[in-house]
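Structure record follows, encoded as structure tokens.
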Amino acid sequence: MTESSTAAARGCPVVHDETKPEPAPFPGLFARFDGYRDHNSSVLWSTDAQGYWIFTDHTTILEGLRQTDLWSSKVITVTDPEPRMLWIPVMLDAPEHVRWRNLLAAWFTPRRVKSMADEHRRLAVDVVAGIADRGRCDVVSDFARVYPSTIFLSLMGMPQSMLGQFYEWEHDLLHLTPAEDPGNERRNAAGGRIQKYFRELLAERRAEADAEAADIVRAALSWEFDGRPVDDADLLNCLLLLFMAGLDTVANELAFALHHLATHPADRERCVANPELWPVLVEEVLRVYPSVQTARKATRDAEFAGVQVRKGDMALFPLAAAGRDPKVFADSLRVDLDRPASEGRHLTFGSGPHHCLGAHLARQEMVLALQEWHRRIPTYRLHETPLLEGAQVWGLTGLELQW
């Protein structure tokens with residue numbers, strides 16, 4: 001540790017874990033973060049990378065996500081305090097963040113999402129039909145990725161035929177281990193390739209300028225701030241963010257849900273017999289197994305959670321720690337189909353101004369996907385314990401099920 005990081009760590013326990021270890025058997029990182037509570041402190045200091053704070057309870061994480069004047073979203077990866085890429089709008093603070101969010105909000109309203117439900121259900125039926133007669137599959141590659149990604153590509157106006165290539169880029173951008181990419185060269189190269197693709201796609205859309213704005217990329221060409229077109233560089237960074245969110249987060253949560261149901265047959269049987277429980281199951285899986293573990297950067301010196309934070313300090317706000325906090329959720333590590341709503345709300349979609357715009361869409365996708373899977377495949381079992389990987393975003397590398 002440097003002299004400054006040693007000084008910053010005073011007043012709280014210190015941990016030496018890597019933020020992004022090699023993939024490990026599930027529950028892996030979830031269990032490790034649960035263990036942070038053994039320190040009996042709402043804040044820890046990690047010696048990983050340049051050093052950073054880790055906040056470990058629901059109340060502190062909620063406060064930090066809402067205290068945007070102290071914790072800036074301009075940095076969201078805890079080991080990368082000076083990022084080369086700007087993901088819009090998630091890496092913007094007010095007022096810029098609000099302007100971009102307003103541009104995107106119309107595509108993700110509850111009413112618009114609900115209007116797409118029949119189409120999304122038909123897609124789920126088709127994807128499950130292509131799997132059901134096999135007797136086994138890798139849920140991650142054959143279902144959890146394919147279903148939400150197909151919806152995302154349609155929403156964006158991007159070709160389904162390129163899905164394999166998109167996954168390769170997304171993997172290099174979000175899922176490489178430090179050993180695989182010690183200097184972030186592959187990660188940055190993947191970001192560049194994605195931006196190149198969108199640059200070419202925007203040029204194609206401009207050549208079709210008279211066409212109806214039926215997808216986000218086409219609509220983006222007309223976006224303006226104060227009467228002036230949005231800068232192309234900023235537009236590319238926005239599309240890059242949508243690309244990552246659309247291909248990764250719902251896929252991770254669907255895989256977590258099917259892993260839980262494969263290993264907890266009583267919950268599966270209850271949901272199959274009582275379809276009104278699927279939304280409850282989805283909320284509990286989101287709470288117990290959040291895939292996103294976000295970070296922030298301090299804008300100034302301040303006291304927060306009982307420690308002295310310095311301007312420029314990085315901090316991890318792990319949503320897994322918030323959702324699994326036993327002080328807020330009784331028997332917090334258990335998916336409970338009878339959990340009372342009065343216990344509180346999970347933070348898996350964030351809180352404050354950066355609450356996830358796609359939350360309604362994600363919930364609908366998960367409920368419909370699970371309903372249609374279980375109409376065709378109501379009984380199945382886990383083939384082997386899957387591996388969990390991740391840093392900022394956690395997910396299963398694969399999930400083999402048999403039926």
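Order determines the names: the first chain of the structure tokens is A, the second B, and so forth; residues in each chain are numbered 1 upward, and ligands are numbered 1 upward as they are shown.
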Contacts of region 19-30 of chain A at 10 Å or less, counting only C-alpha atoms, minus same-chain residues fewer than 2 places along, as a compact mmCIF listing (two decimals) with all heavy atoms, in the first residue's frame?
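Result saved to result07.txt:
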```txt
# COMPACT_ATOMS: atom_id res chain seq x y z
N HIS A 16 -7.45 -7.92 1.45
CA HIS A 16 -6.42 -8.02 0.41
C HIS A 16 -6.90 -8.84 -0.79
O HIS A 16 -6.09 -9.31 -1.58
CB HIS A 16 -5.15 -8.65 0.99
CG HIS A 16 -4.64 -7.94 2.19
ND1 HIS A 16 -4.00 -6.72 2.13
CD2 HIS A 16 -4.69 -8.26 3.51
CE1 HIS A 16 -3.65 -6.33 3.35
NE2 HIS A 16 -4.07 -7.25 4.20
N ASP A 17 -8.22 -9.00 -0.92
CA ASP A 17 -8.76 -9.80 -2.02
C ASP A 17 -8.67 -9.05 -3.35
O ASP A 17 -8.82 -7.83 -3.40
CB ASP A 17 -10.23 -10.13 -1.76
CG ASP A 17 -10.41 -10.99 -0.52
OD1 ASP A 17 -9.52 -11.79 -0.24
OD2 ASP A 17 -11.45 -10.85 0.15
N ARG A 32 -17.88 -14.67 -0.85
CA ARG A 32 -16.78 -13.86 -0.37
C ARG A 32 -17.27 -12.51 0.15
O ARG A 32 -16.85 -12.04 1.21
CB ARG A 32 -15.76 -13.63 -1.49
CG ARG A 32 -14.44 -13.06 -0.96
CD ARG A 32 -13.44 -12.86 -2.08
NE ARG A 32 -13.66 -11.58 -2.75
CZ ARG A 32 -12.98 -11.19 -3.82
NH1 ARG A 32 -12.10 -12.00 -4.38
NH2 ARG A 32 -13.21 -10.02 -4.37
N PHE A 33 -18.20 -11.91 -0.56
CA PHE A 33 -18.73 -10.63 -0.11
C PHE A 33 -19.58 -10.80 1.15
O PHE A 33 -19.60 -9.91 2.00
CB PHE A 33 -19.52 -9.96 -1.23
CG PHE A 33 -18.66 -9.13 -2.14
CD1 PHE A 33 -17.61 -9.71 -2.83
CD2 PHE A 33 -18.89 -7.78 -2.31
CE1 PHE A 33 -16.80 -8.95 -3.67
CE2 PHE A 33 -18.10 -7.01 -3.14
CZ PHE A 33 -17.04 -7.60 -3.83
N ASP A 34 -20.26 -11.93 1.28
CA ASP A 34 -20.97 -12.21 2.54
C ASP A 34 -19.98 -12.21 3.71
O ASP A 34 -20.29 -11.73 4.80
CB ASP A 34 -21.69 -13.55 2.47
CG ASP A 34 -22.82 -13.58 1.46
OD1 ASP A 34 -23.31 -12.49 1.08
OD2 ASP A 34 -23.19 -14.69 1.03
N GLY A 35 -18.79 -12.77 3.44
CA GLY A 35 -17.78 -12.85 4.49
C GLY A 35 -17.26 -11.51 4.94
O GLY A 35 -16.74 -11.39 6.07
N SER A 46 -9.75 -1.98 0.67
CA SER A 46 -9.11 -3.02 -0.12
C SER A 46 -7.75 -2.54 -0.61
O SER A 46 -7.61 -1.40 -1.07
CB SER A 46 -9.97 -3.38 -1.32
OG SER A 46 -9.26 -4.26 -2.18
N THR A 47 -6.78 -3.44 -0.54
CA THR A 47 -5.44 -3.11 -1.03
C THR A 47 -5.28 -3.43 -2.51
O THR A 47 -4.20 -3.22 -3.08
CB THR A 47 -4.38 -3.88 -0.24
OG1 THR A 47 -4.59 -5.30 -0.43
CG2 THR A 47 -4.44 -3.55 1.25
N ASP A 48 -6.33 -3.94 -3.13
CA ASP A 48 -6.26 -4.29 -4.56
C ASP A 48 -6.06 -3.02 -5.40
O ASP A 48 -6.52 -1.94 -5.03
CB ASP A 48 -7.55 -4.99 -4.97
CG ASP A 48 -7.51 -5.51 -6.39
OD1 ASP A 48 -6.42 -5.93 -6.83
OD2 ASP A 48 -8.55 -5.50 -7.05
N ALA A 49 -5.37 -3.19 -6.54
CA ALA A 49 -5.14 -2.09 -7.49
C ALA A 49 -4.55 -0.89 -6.74
O ALA A 49 -3.57 -1.03 -6.01
CB ALA A 49 -6.43 -1.73 -8.20
N VAL A 78 -13.96 0.03 -10.24
CA VAL A 78 -13.18 0.42 -9.07
C VAL A 78 -11.68 0.35 -9.30
O VAL A 78 -10.91 1.08 -8.66
CB VAL A 78 -13.61 -0.44 -7.86
CG1 VAL A 78 -13.07 -1.85 -7.96
CG2 VAL A 78 -13.23 0.20 -6.55
N THR A 79 -11.23 -0.48 -10.22
CA THR A 79 -9.80 -0.61 -10.48
C THR A 79 -9.32 0.27 -11.64
O THR A 79 -8.18 0.19 -12.05
CB THR A 79 -9.44 -2.07 -10.80
OG1 THR A 79 -10.24 -2.52 -11.91
CG2 THR A 79 -9.70 -2.96 -9.59
N HIS A 175 -15.50 -9.27 -19.42
CA HIS A 175 -15.32 -10.52 -18.70
C HIS A 175 -13.90 -11.08 -18.69
O HIS A 175 -13.70 -12.18 -18.19
CB HIS A 175 -16.27 -11.58 -19.26
CG HIS A 175 -17.71 -11.23 -19.07
ND1 HIS A 175 -18.34 -11.25 -17.84
CD2 HIS A 175 -18.66 -10.81 -19.96
CE1 HIS A 175 -19.60 -10.88 -17.98
NE2 HIS A 175 -19.81 -10.61 -19.25
N LEU A 176 -12.93 -10.37 -19.21
CA LEU A 176 -11.56 -10.88 -19.18
C LEU A 176 -10.99 -10.76 -17.77
O LEU A 176 -11.24 -9.79 -17.05
CB LEU A 176 -10.67 -10.09 -20.15
CG LEU A 176 -10.97 -10.30 -21.65
CD1 LEU A 176 -10.14 -9.33 -22.48
CD2 LEU A 176 -10.67 -11.74 -22.06
N THR A 177 -10.20 -11.77 -17.37
CA THR A 177 -9.54 -11.72 -16.07
C THR A 177 -8.27 -10.89 -16.17
O THR A 177 -7.75 -10.64 -17.27
CB THR A 177 -9.17 -13.13 -15.59
OG1 THR A 177 -8.17 -13.66 -16.47
CG2 THR A 177 -10.38 -14.04 -15.58
N PRO A 178 -7.72 -10.42 -15.04
CA PRO A 178 -6.46 -9.68 -15.07
C PRO A 178 -5.33 -10.48 -15.73
O PRO A 178 -4.47 -9.92 -16.41
CB PRO A 178 -6.17 -9.42 -13.60
CG PRO A 178 -7.51 -9.41 -12.95
CD PRO A 178 -8.31 -10.44 -13.69
N ALA A 179 -5.33 -11.80 -15.53
CA ALA A 179 -4.29 -12.61 -16.15
C ALA A 179 -4.43 -12.63 -17.66
O ALA A 179 -3.43 -12.67 -18.39
CB ALA A 179 -4.35 -14.04 -15.60
N GLU A 180 -5.65 -12.60 -18.14
CA GLU A 180 -5.89 -12.61 -19.58
C GLU A 180 -5.61 -11.26 -20.23
O GLU A 180 -5.24 -11.20 -21.40
CB GLU A 180 -7.36 -13.00 -19.86
CG GLU A 180 -7.69 -14.45 -19.52
CD GLU A 180 -9.17 -14.72 -19.63
OE1 GLU A 180 -9.99 -13.85 -19.24
OE2 GLU A 180 -9.54 -15.80 -20.10
N PHE A 256 -28.93 -17.04 -13.21
CA PHE A 256 -29.02 -17.19 -11.76
C PHE A 256 -30.38 -17.77 -11.36
O PHE A 256 -30.47 -18.63 -10.47
CB PHE A 256 -28.82 -15.84 -11.06
CG PHE A 256 -27.42 -15.30 -11.12
CD1 PHE A 256 -27.19 -13.93 -11.21
CD2 PHE A 256 -26.31 -16.14 -11.07
CE1 PHE A 256 -25.90 -13.42 -11.24
CE2 PHE A 256 -25.02 -15.65 -11.11
CZ PHE A 256 -24.81 -14.28 -11.20
N HIS A 259 -30.50 -21.48 -12.23
CA HIS A 259 -29.64 -22.22 -11.30
C HIS A 259 -30.37 -22.42 -9.98
O HIS A 259 -30.37 -23.52 -9.41
CB HIS A 259 -28.32 -21.49 -11.08
CG HIS A 259 -27.45 -22.16 -10.06
ND1 HIS A 259 -27.54 -21.88 -8.71
CD2 HIS A 259 -26.49 -23.11 -10.18
CE1 HIS A 259 -26.66 -22.62 -8.05
NE2 HIS A 259 -26.02 -23.37 -8.92
N VAL A 288 -31.12 -11.47 -4.21
CA VAL A 288 -30.09 -12.36 -3.66
C VAL A 288 -28.88 -12.46 -4.58
O VAL A 288 -27.75 -12.63 -4.11
CB VAL A 288 -30.69 -13.76 -3.39
CG1 VAL A 288 -29.63 -14.71 -2.85
CG2 VAL A 288 -31.84 -13.66 -2.39
N TYR A 289 -29.10 -12.32 -5.89
CA TYR A 289 -28.01 -12.52 -6.85
C TYR A 289 -27.87 -11.33 -7.82
O TYR A 289 -28.04 -11.48 -9.03
CB TYR A 289 -28.22 -13.81 -7.64
CG TYR A 289 -28.33 -15.04 -6.78
CD1 TYR A 289 -29.53 -15.73 -6.67
CD2 TYR A 289 -27.23 -15.50 -6.05
CE1 TYR A 289 -29.64 -16.86 -5.87
CE2 TYR A 289 -27.33 -16.62 -5.24
CZ TYR A 289 -28.54 -17.29 -5.15
OH TYR A 289 -28.64 -18.40 -4.34
N PRO A 290 -27.56 -10.14 -7.31
CA PRO A 290 -27.37 -9.00 -8.22
C PRO A 290 -26.08 -9.17 -9.03
O PRO A 290 -25.04 -9.52 -8.47
CB PRO A 290 -27.26 -7.80 -7.28
CG PRO A 290 -27.65 -8.30 -5.93
CD PRO A 290 -27.37 -9.76 -5.91
N SER A 291 -26.15 -8.92 -10.32
CA SER A 291 -24.96 -9.12 -11.15
C SER A 291 -24.06 -7.89 -11.20
O SER A 291 -22.87 -8.02 -11.48
CB SER A 291 -25.37 -9.52 -12.57
OG SER A 291 -26.09 -8.49 -13.20
N LEU A 316 -16.21 0.96 -3.86
CA LEU A 316 -17.07 -0.07 -4.41
C LEU A 316 -18.38 -0.09 -3.63
O LEU A 316 -18.37 -0.14 -2.40
CB LEU A 316 -16.39 -1.43 -4.32
CG LEU A 316 -17.12 -2.62 -4.93
CD1 LEU A 316 -17.29 -2.44 -6.44
CD2 LEU A 316 -16.38 -3.92 -4.64
N ALA A 320 -24.62 -6.68 -4.39
CA ALA A 320 -24.77 -7.99 -3.76
C ALA A 320 -24.76 -7.86 -2.24
O ALA A 320 -25.51 -8.55 -1.54
CB ALA A 320 -23.67 -8.94 -4.22
N ALA A 321 -23.91 -6.99 -1.72
CA ALA A 321 -23.86 -6.79 -0.27
C ALA A 321 -25.15 -6.14 0.22
O ALA A 321 -25.66 -6.48 1.30
CB ALA A 321 -22.65 -5.92 0.09
N ARG A 324 -28.15 -8.73 0.16
CA ARG A 324 -27.97 -9.88 1.05
C ARG A 324 -27.70 -9.46 2.49
O ARG A 324 -27.21 -10.25 3.29
CB ARG A 324 -26.83 -10.74 0.51
CG ARG A 324 -27.13 -11.31 -0.88
CD ARG A 324 -25.88 -11.76 -1.60
NE ARG A 324 -25.27 -12.96 -1.04
CZ ARG A 324 -25.52 -14.21 -1.46
NH1 ARG A 324 -26.38 -14.41 -2.44
NH2 ARG A 324 -24.91 -15.24 -0.91
N LEU A 333 -29.96 -14.66 2.69
CA LEU A 333 -29.34 -15.41 1.60
C LEU A 333 -30.31 -16.38 0.95
O LEU A 333 -29.95 -17.07 -0.01
CB LEU A 333 -28.12 -16.17 2.12
CG LEU A 333 -27.07 -15.36 2.87
CD1 LEU A 333 -25.84 -16.21 3.13
CD2 LEU A 333 -26.70 -14.09 2.12
N GLU A 384 -23.69 -29.99 -13.32
CA GLU A 384 -22.50 -29.78 -12.50
C GLU A 384 -22.51 -28.37 -11.96
O GLU A 384 -23.19 -27.49 -12.51
CB GLU A 384 -21.22 -30.03 -13.31
CG GLU A 384 -21.06 -29.11 -14.51
CD GLU A 384 -19.84 -29.45 -15.33
OE1 GLU A 384 -19.19 -30.46 -15.02
OE2 GLU A 384 -19.55 -28.71 -16.29
N THR A 385 -21.76 -28.15 -10.88
CA THR A 385 -21.70 -26.81 -10.28
C THR A 385 -21.06 -25.84 -11.26
O THR A 385 -19.96 -26.07 -11.75
CB THR A 385 -20.89 -26.84 -8.98
OG1 THR A 385 -21.51 -27.74 -8.07
CG2 THR A 385 -20.82 -25.45 -8.35
N PRO A 386 -21.74 -24.73 -11.57
CA PRO A 386 -21.19 -23.79 -12.54
C PRO A 386 -20.13 -22.88 -11.91
O PRO A 386 -19.98 -22.81 -10.69
CB PRO A 386 -22.41 -22.97 -12.95
CG PRO A 386 -23.27 -22.97 -11.74
CD PRO A 386 -23.08 -24.34 -11.11
N LEU A 387 -19.40 -22.21 -12.77
CA LEU A 387 -18.38 -21.24 -12.35
C LEU A 387 -18.96 -19.83 -12.42
O LEU A 387 -19.67 -19.48 -13.36
CB LEU A 387 -17.13 -21.33 -13.22
CG LEU A 387 -16.38 -22.66 -13.21
CD1 LEU A 387 -15.17 -22.58 -14.15
CD2 LEU A 387 -15.93 -23.02 -11.80
N LEU A 388 -18.61 -19.03 -11.41
CA LEU A 388 -19.02 -17.63 -11.37
C LEU A 388 -17.79 -16.77 -11.64
O LEU A 388 -16.72 -17.00 -11.07
CB LEU A 388 -19.61 -17.29 -10.00
CG LEU A 388 -20.07 -15.85 -9.78
CD1 LEU A 388 -21.29 -15.53 -10.64
CD2 LEU A 388 -20.39 -15.61 -8.30
N GLU A 389 -17.94 -15.77 -12.51
CA GLU A 389 -16.85 -14.87 -12.82
C GLU A 389 -17.32 -13.43 -12.72
O GLU A 389 -18.52 -13.16 -12.69
CB GLU A 389 -16.33 -15.11 -14.25
CG GLU A 389 -17.37 -14.74 -15.31
CD GLU A 389 -16.80 -14.70 -16.72
OE1 GLU A 389 -15.60 -15.01 -16.89
OE2 GLU A 389 -17.57 -14.36 -17.64
N GLY A 390 -16.36 -12.50 -12.70
CA GLY A 390 -16.75 -11.11 -12.80
C GLY A 390 -15.93 -10.18 -11.95
O GLY A 390 -15.14 -10.59 -11.10
N ALA A 391 -16.14 -8.89 -12.21
CA ALA A 391 -15.56 -7.81 -11.43
C ALA A 391 -16.69 -6.81 -11.16
O ALA A 391 -17.35 -6.88 -10.15
CB ALA A 391 -14.41 -7.16 -12.18
N GLN A 392 -16.94 -5.92 -12.12
CA GLN A 392 -18.07 -5.02 -11.98
C GLN A 392 -19.39 -5.73 -12.27
O GLN A 392 -20.42 -5.42 -11.67
CB GLN A 392 -17.91 -3.84 -12.93
CG GLN A 392 -19.06 -2.83 -12.84
CD GLN A 392 -18.96 -1.75 -13.90
OE1 GLN A 392 -18.03 -1.74 -14.69
NE2 GLN A 392 -19.93 -0.86 -13.91
N VAL A 393 -19.36 -6.69 -13.18
CA VAL A 393 -20.55 -7.46 -13.54
C VAL A 393 -20.26 -8.94 -13.31
O VAL A 393 -19.28 -9.46 -13.84
CB VAL A 393 -20.97 -7.22 -15.00
CG1 VAL A 393 -22.22 -8.02 -15.33
CG2 VAL A 393 -21.21 -5.73 -15.25
N TRP A 394 -21.11 -9.62 -12.53
CA TRP A 394 -20.92 -11.02 -12.22
C TRP A 394 -21.87 -11.88 -13.04
O TRP A 394 -23.03 -11.52 -13.26
CB TRP A 394 -21.20 -11.30 -10.74
CG TRP A 394 -20.25 -10.61 -9.80
CD1 TRP A 394 -19.17 -9.84 -10.11
CD2 TRP A 394 -20.34 -10.61 -8.37
NE1 TRP A 394 -18.57 -9.37 -8.98
CE2 TRP A 394 -19.25 -9.82 -7.88
CE3 TRP A 394 -21.19 -11.20 -7.46
CZ2 TRP A 394 -19.04 -9.61 -6.53
CZ3 TRP A 394 -20.98 -11.00 -6.10
CH2 TRP A 394 -19.90 -10.22 -5.64
N GLY A 395 -21.38 -13.04 -13.49
CA GLY A 395 -22.23 -13.95 -14.24
C GLY A 395 -21.65 -15.34 -14.28
O GLY A 395 -20.46 -15.55 -14.00
N LEU A 396 -22.48 -16.32 -14.62
CA LEU A 396 -22.04 -17.70 -14.75
C LEU A 396 -21.37 -17.89 -16.11
O LEU A 396 -21.85 -17.40 -17.13
CB LEU A 396 -23.21 -18.65 -14.63
CG LEU A 396 -23.99 -18.61 -13.30
CD1 LEU A 396 -25.16 -19.57 -13.36
CD2 LEU A 396 -23.09 -18.91 -12.12
N THR A 397 -20.26 -18.61 -16.12
CA THR A 397 -19.58 -18.90 -17.40
C THR A 397 -20.36 -19.92 -18.22
O THR A 397 -20.22 -19.99 -19.44
CB THR A 397 -18.16 -19.41 -17.16
OG1 THR A 397 -18.22 -20.64 -16.41
CG2 THR A 397 -17.33 -18.39 -16.39
```
Quick one: residues within 10 Å of Ser72 (chain A), only C-alpha atoms, excluding same-chain residues fewer than 5 positions away - as a list in words? Gly64, Leu65, Gln67, Met91, Leu92, Asp93, Ala94, Ala295, Arg296, Lys297, Ala298, Thr299, Arg300, Gly312 and Met314 of chain A
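Each of A:Thr263, A:Glu200, A:Met156, A:Glu269 was compared to Ile216 (chain A) using only C-alpha atoms, and A:Met156 turns out to be the nearest.
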Hey, what's within 12 Å of Glu170 (chain A) if we count only C-alpha atoms and toss same-chain stuff fewer than 2 positions away? As a ChimeraX atom specification, please? /A:145,149,163-168,172-176,186-195,240-249,393
Calculated over only C-alpha atoms, which of the candidates A:Ala144, A:Lys327, A:Ile76, A:Glu303 has the smallest distance to Arg37 (chain A)?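 Result for the nearest residue to Arg37 (chain A): A:Lys327.
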List every residue of region 114-346 of chain A that DSSP, applied to the backbone, labels as alpha helix (DSSP H), and write the result as a ChimeraX atom specification. /A:114-115,117-132,139,146-156,163-174,185-206,216-220,232-263,265-273,278-288,319-323
Counting only C-alpha atoms, which of A:Leu86, A:Leu239, A:Val15, A:Val335 gets nearest to Asp38 (chain A)?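 Of A:Leu86, A:Leu239, A:Val15, A:Val335, the one nearest Asp38 (chain A) is A:Val15, counting only C-alpha atoms.
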For His383 (chain A), please output as a PyMOL selection string all residues within 12 Å (counting only C-alpha atoms; exclusion window: fewer than 2 positions along the same chain). chain A and resi 135-139+259+262-263+380-381+385-386+398-403
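CA of Pro318 (chain A) to CA of Ser141 (chain A) spans 25.9 Å [interatomic distance, one decimal].
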Pick from A:Leu337, A:Val75, A:Ser115, A:His354 nearest to Pro275 (chain A), counting only C-alpha atoms: A:Leu337
Can you list every residue of region 99-139 of chain A that has an atom at most 12 Å from region 356-362 of chain A, with its nearest atom pair and the distance in Å to one decimal, using only C-alpha atoms, ordered by chain then number, as JSON lines?
```
{"residue": "A:Trp100", "atom": "CA", "partner": "A:Leu357", "partner_atom": "CA", "distance": 11.3}
{"residue": "A:Arg101", "atom": "CA", "partner": "A:Leu357", "partner_atom": "CA", "distance": 8.0}
{"residue": "A:Asn102", "atom": "CA", "partner": "A:Leu357", "partner_atom": "CA", "distance": 10.1}
{"residue": "A:Leu103", "atom": "CA", "partner": "A:Leu357", "partner_atom": "CA", "distance": 11.1}
{"residue": "A:Leu104", "atom": "CA", "partner": "A:Leu357", "partner_atom": "CA", "distance": 8.0}
{"residue": "A:Ala105", "atom": "CA", "partner": "A:Leu357", "partner_atom": "CA", "distance": 6.6}
{"residue": "A:Ala106", "atom": "CA", "partner": "A:Leu357", "partner_atom": "CA", "distance": 9.7}
{"residue": "A:Trp107", "atom": "CA", "partner": "A:Gly358", "partner_atom": "CA", "distance": 8.9}
{"residue": "A:Phe108", "atom": "CA", "partner": "A:Gly358", "partner_atom": "CA", "distance": 6.0}
{"residue": "A:Thr109", "atom": "CA", "partner": "A:His360", "partner_atom": "CA", "distance": 7.4}
{"residue": "A:Pro110", "atom": "CA", "partner": "A:His360", "partner_atom": "CA", "distance": 6.0}
{"residue": "A:Arg111", "atom": "CA", "partner": "A:His360", "partner_atom": "CA", "distance": 9.5}
{"residue": "A:Arg112", "atom": "CA", "partner": "A:Leu361", "partner_atom": "CA", "distance": 9.2}
{"residue": "A:Val113", "atom": "CA", "partner": "A:Leu361", "partner_atom": "CA", "distance": 5.8}
{"residue": "A:Lys114", "atom": "CA", "partner": "A:Leu361", "partner_atom": "CA", "distance": 8.3}
{"residue": "A:Ser115", "atom": "CA", "partner": "A:Leu361", "partner_atom": "CA", "distance": 10.8}
{"residue": "A:Met116", "atom": "CA", "partner": "A:Leu361", "partner_atom": "CA", "distance": 9.3}
{"residue": "A:Ala117", "atom": "CA", "partner": "A:Leu361", "partner_atom": "CA", "distance": 9.3}
{"residue": "A:His120", "atom": "CA", "partner": "A:Leu361", "partner_atom": "CA", "distance": 10.1}
```
Which parts of region 48-198 of chain A does DSSP call strand (DSSP E) when run on the backbone here, written out as a PyMOL selection string? chain A and resi 52-55+71-72+136-138
Print the selection's residues with N, CA, C and O atoms to a file, as an mmCIF file, in the first residue's frame.
```cif
data_model
loop_
_atom_site.group_PDB
_atom_site.id
_atom_site.type_symbol
_atom_site.label_atom_id
_atom_site.label_comp_id
_atom_site.auth_asym_id
_atom_site.auth_seq_id
_atom_site.Cartn_x
_atom_site.Cartn_y
_atom_site.Cartn_z
ATOM 1 N N TYR A 52 -9.035 0.991 -2.487
ATOM 2 C CA TYR A 52 -10.370 1.591 -2.576
ATOM 3 C C TYR A 52 -11.204 1.139 -1.387
ATOM 4 O O TYR A 52 -10.921 0.135 -0.728
ATOM 5 N N TRP A 53 -12.263 1.913 -1.132
ATOM 6 C CA TRP A 53 -13.220 1.568 -0.086
ATOM 7 C C TRP A 53 -14.192 0.508 -0.595
ATOM 8 O O TRP A 53 -14.525 0.469 -1.781
ATOM 9 N N ILE A 54 -14.663 -0.341 0.325
ATOM 10 C CA ILE A 54 -15.759 -1.266 0.037
ATOM 11 C C ILE A 54 -16.832 -1.048 1.101
ATOM 12 O O ILE A 54 -16.570 -1.188 2.295
ATOM 13 N N PHE A 55 -18.018 -0.695 0.683
ATOM 14 C CA PHE A 55 -19.128 -0.519 1.622
ATOM 15 C C PHE A 55 -19.971 -1.792 1.626
ATOM 16 O O PHE A 55 -20.235 -2.377 0.565
ATOM 17 N N TRP A 71 -20.160 11.313 -4.396
ATOM 18 C CA TRP A 71 -19.720 10.125 -5.152
ATOM 19 C C TRP A 71 -20.094 10.280 -6.615
ATOM 20 O O TRP A 71 -21.244 10.127 -6.999
ATOM 21 N N SER A 72 -19.119 10.582 -7.434
ATOM 22 C CA SER A 72 -19.330 10.809 -8.860
ATOM 23 C C SER A 72 -19.427 9.497 -9.627
ATOM 24 O O SER A 72 -18.708 8.536 -9.346
ATOM 25 N N ARG A 136 -31.023 -31.568 -22.735
ATOM 26 C CA ARG A 136 -30.012 -30.853 -21.954
ATOM 27 C C ARG A 136 -29.591 -29.619 -22.739
ATOM 28 O O ARG A 136 -29.784 -29.540 -23.962
ATOM 29 N N CYS A 137 -29.011 -28.645 -22.066
ATOM 30 C CA CYS A 137 -28.466 -27.475 -22.751
ATOM 31 C C CYS A 137 -27.570 -26.708 -21.802
ATOM 32 O O CYS A 137 -27.569 -26.946 -20.582
ATOM 33 N N ASP A 138 -26.791 -25.811 -22.366
ATOM 34 C CA ASP A 138 -26.083 -24.813 -21.582
ATOM 35 C C ASP A 138 -26.992 -23.593 -21.538
ATOM 36 O O ASP A 138 -27.167 -22.892 -22.539
#
```
From A:Phe317, A:Ser154, A:His374, A:Leu261, residue lying nearest Val217 (chain A) [only C-alpha atoms]: A:Ser154
Using only C-alpha atoms, which of the listed residues (A:Val367, A:Ala330, A:Leu202, A:Ala302) sits closest to Leu281 (chain A)? A:Val367
Do you have the CA of Pro81 (chain A)-CA of Ala315 (chain A) distance handy?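 So the answer is 9.9 Å.
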